[in-house]
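Printed here is target.cif (mmCIF, C-alpha atoms):
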```cif
data_work
loop_
_atom_site.label_atom_id
_atom_site.label_comp_id
_atom_site.auth_asym_id
_atom_site.auth_seq_id
_atom_site.Cartn_x
_atom_site.Cartn_y
_atom_site.Cartn_z
CA MET A 1 13.25 -9.32 65.45
CA PHE A 2 16.34 -10.12 63.35
CA GLU A 3 17.63 -6.55 63.67
CA ALA A 4 17.54 -6.62 67.48
CA ALA A 5 19.06 -10.11 67.67
CA ALA A 6 21.81 -9.16 65.22
CA ARG A 7 22.61 -5.96 67.11
CA HIS A 8 22.95 -7.73 70.47
CA GLU A 9 24.10 -11.14 69.21
CA ASN A 10 22.26 -12.38 72.25
CA PHE A 11 18.70 -13.67 72.12
CA SER A 12 18.04 -12.94 75.80
CA ARG A 13 18.94 -9.24 75.42
CA ALA A 14 16.93 -9.01 72.21
CA ALA A 15 13.97 -10.55 74.04
CA GLU A 16 14.24 -7.95 76.84
CA GLU A 17 14.25 -5.10 74.29
CA LEU A 18 11.25 -6.51 72.43
CA ALA A 19 9.33 -7.48 75.59
CA MET A 20 9.34 -11.15 74.53
CA THR A 21 10.70 -14.39 75.90
CA GLN A 22 14.08 -15.75 74.82
CA ALA A 23 12.29 -18.81 73.48
CA GLY A 24 9.99 -16.59 71.42
CA VAL A 25 12.93 -14.81 69.80
CA SER A 26 14.68 -18.12 69.12
CA TYR A 27 11.54 -19.54 67.50
CA GLN A 28 11.03 -16.51 65.24
CA ILE A 29 14.67 -16.59 64.12
CA LYS A 30 14.30 -20.29 63.35
CA LEU A 31 11.24 -19.56 61.18
CA LEU A 32 13.17 -16.84 59.35
CA GLU A 33 16.10 -19.18 58.70
CA GLU A 34 13.73 -21.85 57.37
CA ARG A 35 12.12 -19.32 55.05
CA LEU A 36 15.55 -18.22 53.75
CA GLY A 37 16.97 -21.75 53.64
CA ALA A 38 20.16 -20.52 55.31
CA GLN A 39 21.55 -20.17 58.82
CA LEU A 40 21.87 -16.63 60.22
CA PHE A 41 23.18 -17.37 63.73
CA VAL A 42 25.47 -19.97 65.31
CA ARG A 43 25.90 -20.61 69.02
CA ARG A 44 29.21 -19.56 70.55
CA GLY A 45 29.26 -20.06 74.27
CA ARG A 46 26.25 -18.27 75.75
CA ASN A 47 25.81 -16.02 72.71
CA MET A 48 24.32 -16.51 69.28
CA VAL A 49 26.70 -14.89 66.81
CA LEU A 50 26.00 -13.98 63.20
CA THR A 51 27.09 -16.21 60.39
CA ALA A 52 28.87 -14.71 57.37
CA LEU A 53 25.48 -14.38 55.62
CA GLY A 54 23.97 -12.79 58.71
CA ARG A 55 26.79 -10.21 58.86
CA ARG A 56 26.23 -9.30 55.22
CA ILE A 57 22.52 -8.60 55.57
CA ALA A 58 22.43 -7.14 59.11
CA PRO A 59 23.66 -3.62 58.08
CA ARG A 60 21.04 -3.38 55.34
CA VAL A 61 18.28 -4.43 57.71
CA SER A 62 19.47 -1.84 60.26
CA GLU A 63 19.54 0.85 57.55
CA SER A 64 15.98 -0.05 56.55
CA PHE A 65 14.78 0.26 60.14
CA ALA A 66 16.59 3.59 60.49
CA GLY A 67 14.87 4.82 57.32
CA LEU A 68 11.49 3.76 58.65
CA GLU A 69 12.13 5.48 61.97
CA GLU A 70 13.15 8.67 60.19
CA ALA A 71 10.01 8.57 58.02
CA PHE A 72 7.74 8.06 61.03
CA ALA A 73 9.60 10.80 62.93
CA LEU A 74 8.90 13.23 60.08
CA VAL A 75 5.21 12.28 60.12
CA ARG A 76 5.03 12.69 63.89
CA ALA A 77 6.76 16.07 63.75
CA GLU A 78 4.44 17.35 61.01
CA ASN A 79 1.40 15.96 62.82
CA GLU A 80 2.39 17.75 66.03
CA ARG A 81 2.86 21.09 64.24
CA VAL A 82 -0.43 21.21 62.28
CA LEU A 83 -3.93 21.34 63.77
CA THR A 84 -6.69 20.53 61.28
CA ILE A 85 -10.26 21.55 62.08
CA THR A 86 -13.51 21.06 60.20
CA ALA A 87 -16.58 23.09 61.18
CA PRO A 88 -20.04 23.88 59.71
CA SER A 89 -20.15 26.93 57.48
CA SER A 90 -22.25 29.35 59.55
CA PHE A 91 -20.42 28.68 62.81
CA ALA A 92 -17.01 28.75 61.12
CA THR A 93 -17.75 31.94 59.17
CA LEU A 94 -19.60 33.94 61.80
CA TRP A 95 -17.85 32.92 65.02
CA LEU A 96 -14.85 30.62 64.83
CA SER A 97 -12.80 32.26 62.07
CA ALA A 98 -12.82 35.63 63.84
CA ARG A 99 -11.33 34.03 66.98
CA LEU A 100 -8.83 31.52 65.63
CA GLY A 101 -6.19 34.25 65.38
CA ALA A 102 -6.18 34.54 69.17
CA PHE A 103 -5.63 30.79 69.47
CA GLN A 104 -2.81 30.98 66.94
CA LEU A 105 -1.08 33.77 68.88
CA ARG A 106 -1.34 31.71 72.05
CA HIS A 107 0.14 28.68 70.26
CA PRO A 108 2.60 30.02 67.66
CA GLU A 109 4.15 26.56 67.32
CA LEU A 110 0.98 25.33 65.60
CA ALA A 111 -0.20 25.87 62.04
CA VAL A 112 -4.01 25.89 62.02
CA ARG A 113 -6.00 24.64 59.03
CA LEU A 114 -9.77 25.27 58.99
CA ASP A 115 -12.08 23.37 56.65
CA VAL A 116 -15.45 25.12 56.28
CA SER A 117 -17.93 22.42 55.37
CA ASN A 118 -21.23 20.90 56.47
CA ARG A 119 -20.17 17.40 55.40
CA LEU A 120 -19.78 14.70 58.03
CA VAL A 121 -16.17 13.52 57.98
CA ASP A 122 -14.68 10.27 59.25
CA LEU A 123 -12.53 11.31 62.20
CA GLU A 124 -10.93 7.87 62.37
CA SER A 125 -9.31 8.39 58.95
CA GLY A 126 -6.94 11.06 60.26
CA GLU A 127 -7.84 13.70 57.68
CA PHE A 128 -8.87 16.08 60.49
CA ASP A 129 -7.77 16.29 64.10
CA VAL A 130 -11.05 17.70 65.40
CA ALA A 131 -14.54 18.44 64.10
CA ILE A 132 -17.30 20.71 65.31
CA ARG A 133 -20.57 18.94 64.58
CA ARG A 134 -24.22 19.99 64.77
CA VAL A 135 -25.95 16.94 66.21
CA VAL A 136 -28.27 16.02 69.07
CA ARG A 137 -25.41 14.11 70.67
CA PRO A 138 -22.36 12.47 69.06
CA GLY A 139 -22.00 8.70 69.07
CA PRO A 140 -20.05 6.85 71.78
CA GLU A 141 -17.21 6.09 69.37
CA LEU A 142 -16.02 9.71 69.60
CA GLU A 143 -14.70 11.95 72.34
CA ALA A 144 -17.24 14.80 72.50
CA HIS A 145 -17.58 18.08 74.40
CA PHE A 146 -20.60 20.38 74.37
CA VAL A 147 -19.74 23.78 72.88
CA MET A 148 -23.06 25.60 72.50
CA ARG A 149 -26.58 25.16 71.15
CA HIS A 150 -28.33 27.06 68.41
CA VAL A 151 -30.94 29.64 69.39
CA PHE A 152 -32.84 31.74 66.87
CA THR A 153 -35.34 34.55 66.39
CA PRO A 154 -36.55 36.65 63.40
CA MET A 155 -34.47 39.71 62.56
CA ALA A 156 -34.71 42.45 59.97
CA SER A 157 -33.18 45.81 59.18
CA PRO A 158 -34.70 48.96 60.72
CA ASP A 159 -35.60 50.27 57.27
CA PHE A 160 -37.44 47.06 56.37
CA LEU A 161 -39.45 47.14 59.61
CA LEU A 162 -40.23 50.82 59.09
CA HIS A 163 -41.98 49.98 55.83
CA HIS A 164 -43.33 46.60 57.04
CA PRO A 165 -44.51 47.11 60.64
CA VAL A 166 -44.86 43.99 62.75
CA ASN A 167 -47.31 43.98 65.67
CA GLU A 168 -47.44 40.28 66.50
CA PRO A 169 -45.42 37.20 65.48
CA ARG A 170 -48.02 35.92 63.00
CA ASP A 171 -47.46 39.11 60.95
CA PHE A 172 -44.22 37.53 59.68
CA LEU A 173 -46.28 35.08 57.63
CA SER A 174 -47.43 37.86 55.32
CA LEU A 175 -43.96 39.42 54.91
CA PRO A 176 -41.02 38.45 52.68
CA ARG A 177 -39.15 35.79 54.64
CA ILE A 178 -35.56 34.94 53.75
CA SER A 179 -35.01 31.18 53.51
CA ALA A 180 -38.63 30.69 54.60
CA GLU A 181 -38.31 26.91 54.08
CA ASP A 182 -35.59 26.69 56.71
CA GLU A 183 -36.60 24.39 59.59
CA TRP A 184 -36.05 27.20 62.10
CA TRP A 185 -39.08 29.13 60.84
CA PRO A 186 -41.76 26.52 61.73
CA ARG A 187 -39.90 25.64 64.92
CA TRP A 188 -39.90 29.27 66.13
CA LEU A 189 -43.54 29.77 65.19
CA GLU A 190 -44.65 26.48 66.75
CA GLN A 191 -42.91 27.34 70.02
CA LEU A 192 -44.99 30.51 70.43
CA PRO A 193 -47.63 30.53 73.19
CA GLU A 194 -50.26 30.85 70.44
CA PRO A 195 -48.78 29.38 67.25
CA PRO A 196 -50.46 30.28 63.93
CA SER A 197 -52.54 27.60 62.26
CA SER A 198 -50.76 27.93 58.91
CA LEU A 199 -46.98 27.88 58.51
CA ALA A 200 -46.86 27.88 54.71
CA ALA A 201 -43.54 29.11 53.31
CA PRO A 202 -43.91 31.65 50.47
CA ALA A 203 -41.59 31.71 47.51
CA GLY A 204 -38.65 34.04 47.95
CA LEU A 205 -34.92 34.26 48.56
CA ARG A 206 -33.31 31.08 49.82
CA PHE A 207 -29.74 30.57 50.97
CA GLU A 208 -27.76 27.81 52.59
CA SER A 209 -26.21 29.63 55.54
CA GLN A 210 -26.91 32.24 58.17
CA ALA A 211 -24.05 34.32 56.78
CA LEU A 212 -25.92 34.78 53.50
CA ASP A 213 -29.34 35.12 55.17
CA SER A 214 -27.99 37.92 57.36
CA GLN A 215 -26.56 39.82 54.40
CA ALA A 216 -29.94 39.74 52.68
CA ALA A 217 -31.64 40.93 55.87
CA LEU A 218 -29.12 43.75 56.34
CA ALA A 219 -29.80 44.81 52.76
CA GLY A 220 -33.52 45.11 53.59
CA HIS A 221 -34.75 42.18 51.48
CA GLY A 222 -36.84 40.55 54.19
CA VAL A 223 -36.93 38.95 57.60
CA ALA A 224 -34.32 36.30 58.39
CA MET A 225 -34.31 33.68 61.13
CA LEU A 226 -30.93 34.19 62.78
CA SER A 227 -29.05 33.39 65.96
CA PRO A 228 -28.91 36.49 68.21
CA PHE A 229 -25.73 35.10 69.74
CA LEU A 230 -23.94 35.20 66.39
CA PHE A 231 -25.31 38.65 65.52
CA ALA A 232 -25.00 40.35 68.90
CA ARG A 233 -22.89 43.16 67.41
CA GLU A 234 -25.43 43.91 64.67
CA LEU A 235 -28.18 43.99 67.29
CA GLU A 236 -26.19 46.29 69.57
CA GLN A 237 -25.42 48.63 66.67
CA GLY A 238 -29.07 48.68 65.58
CA ARG A 239 -28.25 47.34 62.13
CA LEU A 240 -30.59 44.43 62.82
CA ILE A 241 -33.67 44.37 65.03
CA ALA A 242 -35.31 41.39 66.71
CA PRO A 243 -38.93 42.57 67.13
CA PHE A 244 -39.94 39.93 69.71
CA PRO A 245 -38.19 38.51 72.80
CA HIS A 246 -39.24 34.93 72.05
CA ILE A 247 -36.16 32.76 71.35
CA GLY A 248 -36.39 29.44 69.55
CA ARG A 249 -34.13 26.60 70.63
CA GLU A 250 -32.79 23.65 68.67
CA ILE A 251 -32.60 20.12 69.96
CA HIS A 252 -29.24 20.00 68.16
CA ALA A 253 -26.10 21.50 69.59
CA LEU A 254 -22.54 22.12 68.47
CA TRP A 255 -20.09 19.56 69.82
CA LEU A 256 -16.32 19.37 69.62
CA CYS A 257 -15.48 15.84 68.49
CA TYR A 258 -12.32 13.86 67.89
CA SER A 259 -11.10 10.28 67.79
CA PRO A 260 -10.17 8.70 71.15
CA LEU A 261 -6.78 7.99 69.55
CA LYS A 262 -6.10 11.75 69.59
CA ARG A 263 -7.22 12.33 73.16
CA GLY A 264 -3.64 12.61 74.40
CA LEU A 265 -2.30 14.95 71.70
CA ALA A 266 -1.14 18.27 73.15
CA LYS A 267 -2.56 20.26 70.23
CA VAL A 268 -6.01 18.68 70.68
CA ARG A 269 -5.98 19.35 74.42
CA ALA A 270 -4.93 22.96 73.80
CA PHE A 271 -7.69 23.57 71.26
CA ARG A 272 -10.33 21.92 73.45
CA GLN A 273 -9.42 24.06 76.46
CA TRP A 274 -9.33 27.24 74.39
CA LEU A 275 -12.58 26.58 72.48
CA LEU A 276 -14.69 25.74 75.52
CA ALA A 277 -13.33 28.72 77.45
CA GLU A 278 -13.93 31.02 74.46
CA ALA A 279 -17.52 29.82 74.11
CA ARG A 280 -18.21 30.53 77.77
CA SER A 281 -16.50 33.90 77.58
CA SER A 282 -18.31 35.07 74.45
CA ALA A 283 -21.67 33.98 75.89
CA GLY A 284 -21.15 36.31 78.85
CA SER A 285 -24.23 36.23 81.06
CA ASP A 286 -25.80 34.03 78.36
CA PRO A 287 -29.07 35.96 77.88
CA TRP A 288 -30.07 33.67 74.98
CA GLY A 289 -29.28 30.35 76.65
CA VAL A 290 -26.65 29.11 74.20
CA LEU A 291 -24.86 27.26 77.03
CA ASP A 292 -28.05 25.68 78.37
CA GLN A 293 -28.02 21.92 77.82
CA THR A 294 -31.58 21.38 79.04
CA GLY A 295 -33.53 19.09 76.74
CA LEU A 296 -30.51 17.63 74.96
CA ALA A 297 -30.56 13.85 74.70
CA ASP A 298 -28.65 11.95 77.37
#
```

Using the file provided, produce a representation of the structure as structure tokens.
Amino acid sequence: MFEAAARHENFSRAAEELAMTQAGVSYQIKLLEERLGAQLFVRRGRNMVLTALGRRIAPRVSESFAGLEEAFALVRAENERVLTITAPSSFATLWLSARLGAFQLRHPELAVRLDVSNRLVDLESGEFDVAIRRVVRPGPELEAHFVMRHVFTPMASPDFLLHHPVNEPRDFLSLPRISAEDEWWPRWLEQLPEPPSSLAAPAGLRFESQALDSQAALAGHGVAMLSPFLFARELEQGRLIAPFPHIGREIHALWLCYSPLKRGLAKVRAFRQWLLAEARSSAGSDPWGVLDQTGLAD
């Protein structure tokens, strides 16, 4: 307020710059003078000119505002150049990280930072620009875009299946199952036309991500419940085999989320457009239904 009035030495012009009324500017200056116990402006004709005290402090106030503007400009510039993403470990490790290089080449002006974590972050805090979250549907406080849903089926190495033949789905219950306590195992079994009566999980290897489960399966240590979409290459190469066509589906999906305050940022728009197009492209004809939103909560 004081800086604009001192620069123009005219309350009406200061009011126009600040989108206020002339009376509003005059009132605020009066409050400032009362707080200081000294007069900062005197009327001279139609203008309000600075007193000797006002002229002494005006340059320092202007310098302070210039310093603030420079600081905010640096923050804005850095914010525009860096895109921060947080994504769950399996999706980030098995799908996103292998494709981010293509996004980076398309947008060389951006530095991309990927946080691989399953923790739920506060997107209002500004720590991350965007998050990929595994939820039924994000809350209304966030901008959200459907990316894909999880689908899953048991897989094992050819050597393992050679020594442990499987004739029907219930045979898995008597075999070493990797991460057998994972929620996908009972869900896949319960979705069968004739689900087994017992779904007890035997003791065995247990990991916290599909990336680790898949490595154990590739090494021949058991059967793992994996997403065929994420392991399409291993299936094509015959390094993993899915013995049955039945595909389990989660009620959760992966969603791209960000604060409404970042809706207009060019870097967020660019990542959103690229991610959704990349998901559709990598799904191809979508034989596993990863792009199918049927059954997701409205």

| What is the distance between atom CA of His246 of chain A and atom CA of Asn167 of chain A, in Å to one decimal? | 13.7 Å

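For the structure in this document, the set picked by the PyMOL selection byres ((chain A and resi 190-195) around 8) is A:Arg170, A:Pro186, A:Arg187, A:Trp188, A:Leu189, A:Pro196, A:Ser197, A:His246, A:Gly248.
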
| message | Can you pull out the residues contacting Trp95 of chain A? Cut-off 12 Å, using all atoms listed in the file, and skip same-chain residues under 6 positions away; I want them as a ChimeraX atom specification. | response | /A:87-89,101,116,148,210-211,227,229-233,275,278-279,282-283

Write out, as a Markdown table, each residue of segment 92-175 of chain A that has an atom at most 9 Å from segment 255-271 of chain A, together with the closest pair of atoms and their distance in Å to one decimal, counting only C-alpha atoms, rows going by chain and rising number.
```
| residue | atom | partner | partner_atom | distance |
| --- | --- | --- | --- | --- |
| A:Phe103 | CA | A:Phe271 | CA | 7.7 |
| A:His107 | CA | A:Ala270 | CA | 8.4 |
| A:Leu110 | CA | A:Lys267 | CA | 7.7 |
| A:Leu123 | CA | A:Ser259 | CA | 5.9 |
| A:Glu124 | CA | A:Ser259 | CA | 5.9 |
| A:Gly126 | CA | A:Ser259 | CA | 8.6 |
| A:Phe128 | CA | A:Tyr258 | CA | 8.5 |
| A:Asp129 | CA | A:Tyr258 | CA | 6.4 |
| A:Val130 | CA | A:Tyr258 | CA | 4.7 |
| A:Ala131 | CA | A:Cys257 | CA | 5.2 |
| A:Ile132 | CA | A:Leu256 | CA | 4.6 |
| A:Arg133 | CA | A:Trp255 | CA | 5.3 |
| A:Arg134 | CA | A:Trp255 | CA | 6.5 |
| A:Val135 | CA | A:Trp255 | CA | 7.4 |
| A:Val136 | CA | A:Trp255 | CA | 8.9 |
| A:Arg137 | CA | A:Trp255 | CA | 7.7 |
| A:Pro138 | CA | A:Trp255 | CA | 7.5 |
| A:Glu141 | CA | A:Ser259 | CA | 7.6 |
| A:Leu142 | CA | A:Ser259 | CA | 5.3 |
| A:Glu143 | CA | A:Tyr258 | CA | 5.4 |
| A:Ala144 | CA | A:Cys257 | CA | 4.5 |
| A:His145 | CA | A:Leu256 | CA | 5.1 |
| A:Phe146 | CA | A:Trp255 | CA | 4.7 |
| A:Val147 | CA | A:Trp255 | CA | 5.2 |
| A:Met148 | CA | A:Trp255 | CA | 7.2 |
| A:Arg149 | CA | A:Trp255 | CA | 8.7 |
```

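Minimum atom-to-atom distance to Gln28 of chain A, evaluated using only C-alpha atoms, belongs to A:Phe11 out of A:Asp286, A:Ser90, A:Phe11, A:Arg44.
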
| request: Please write the residues picked by the PyMOL selection byres ((chain A and resi 182) around 9) on this file as a PyMOL selection string. | output: chain A and resi 178-181+183-186+201+206+208+225

| task | Can you give me, as a list in words, the residues this file yields under the PyMOL selection byres ((chain A and resi 48-54) around 9)? | result |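 Here the PyMOL selection byres ((chain A and resi 48-54) around 9) matches Ala5, Ala6, His8, Glu9, Asn10, Phe11, Ala38, Gln39, Leu40, Phe41, Val42, Arg43, Arg44, Gly45, Arg46, Asn47, Arg55, Arg56, Ile57 and Ala58 of chain A.
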
Writing out the chosen residues with C-alpha atoms as a tab-separated table (two decimals), in the frame of the given file:
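Output contents, as saved in part-v1.tsv:
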```
chain	number	residue	atom	x	y	z
A	5	ALA	CA	19.06	-10.11	67.67
A	6	ALA	CA	21.81	-9.16	65.22
A	8	HIS	CA	22.95	-7.73	70.47
A	9	GLU	CA	24.10	-11.14	69.21
A	10	ASN	CA	22.26	-12.38	72.25
A	11	PHE	CA	18.70	-13.67	72.12
A	38	ALA	CA	20.16	-20.52	55.31
A	39	GLN	CA	21.55	-20.17	58.82
A	40	LEU	CA	21.87	-16.63	60.22
A	41	PHE	CA	23.18	-17.37	63.73
A	42	VAL	CA	25.47	-19.97	65.31
A	43	ARG	CA	25.90	-20.61	69.02
A	44	ARG	CA	29.21	-19.56	70.55
A	45	GLY	CA	29.26	-20.06	74.27
A	46	ARG	CA	26.25	-18.27	75.75
A	47	ASN	CA	25.81	-16.02	72.71
A	55	ARG	CA	26.79	-10.21	58.86
A	56	ARG	CA	26.23	-9.30	55.22
A	57	ILE	CA	22.52	-8.60	55.57
A	58	ALA	CA	22.43	-7.14	59.11
```

| Which distance in Å separates atom CA of Asn118 of chain A and atom CA of His150 of chain A, to one decimal? |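 Atom CA of His150 of chain A lies 15.2 Å from atom CA of Asn118 of chain A.
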
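Taking only C-alpha atoms into account, the polymer residues that have an atom no farther than 7 Å from (-45.8, 43.6, 53.6) are A:His164, A:Ser174, A:Leu175.
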
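Separating atom CA of Ala23 of chain A from atom CA of Arg60 of chain A is a distance of 25.4 Å.
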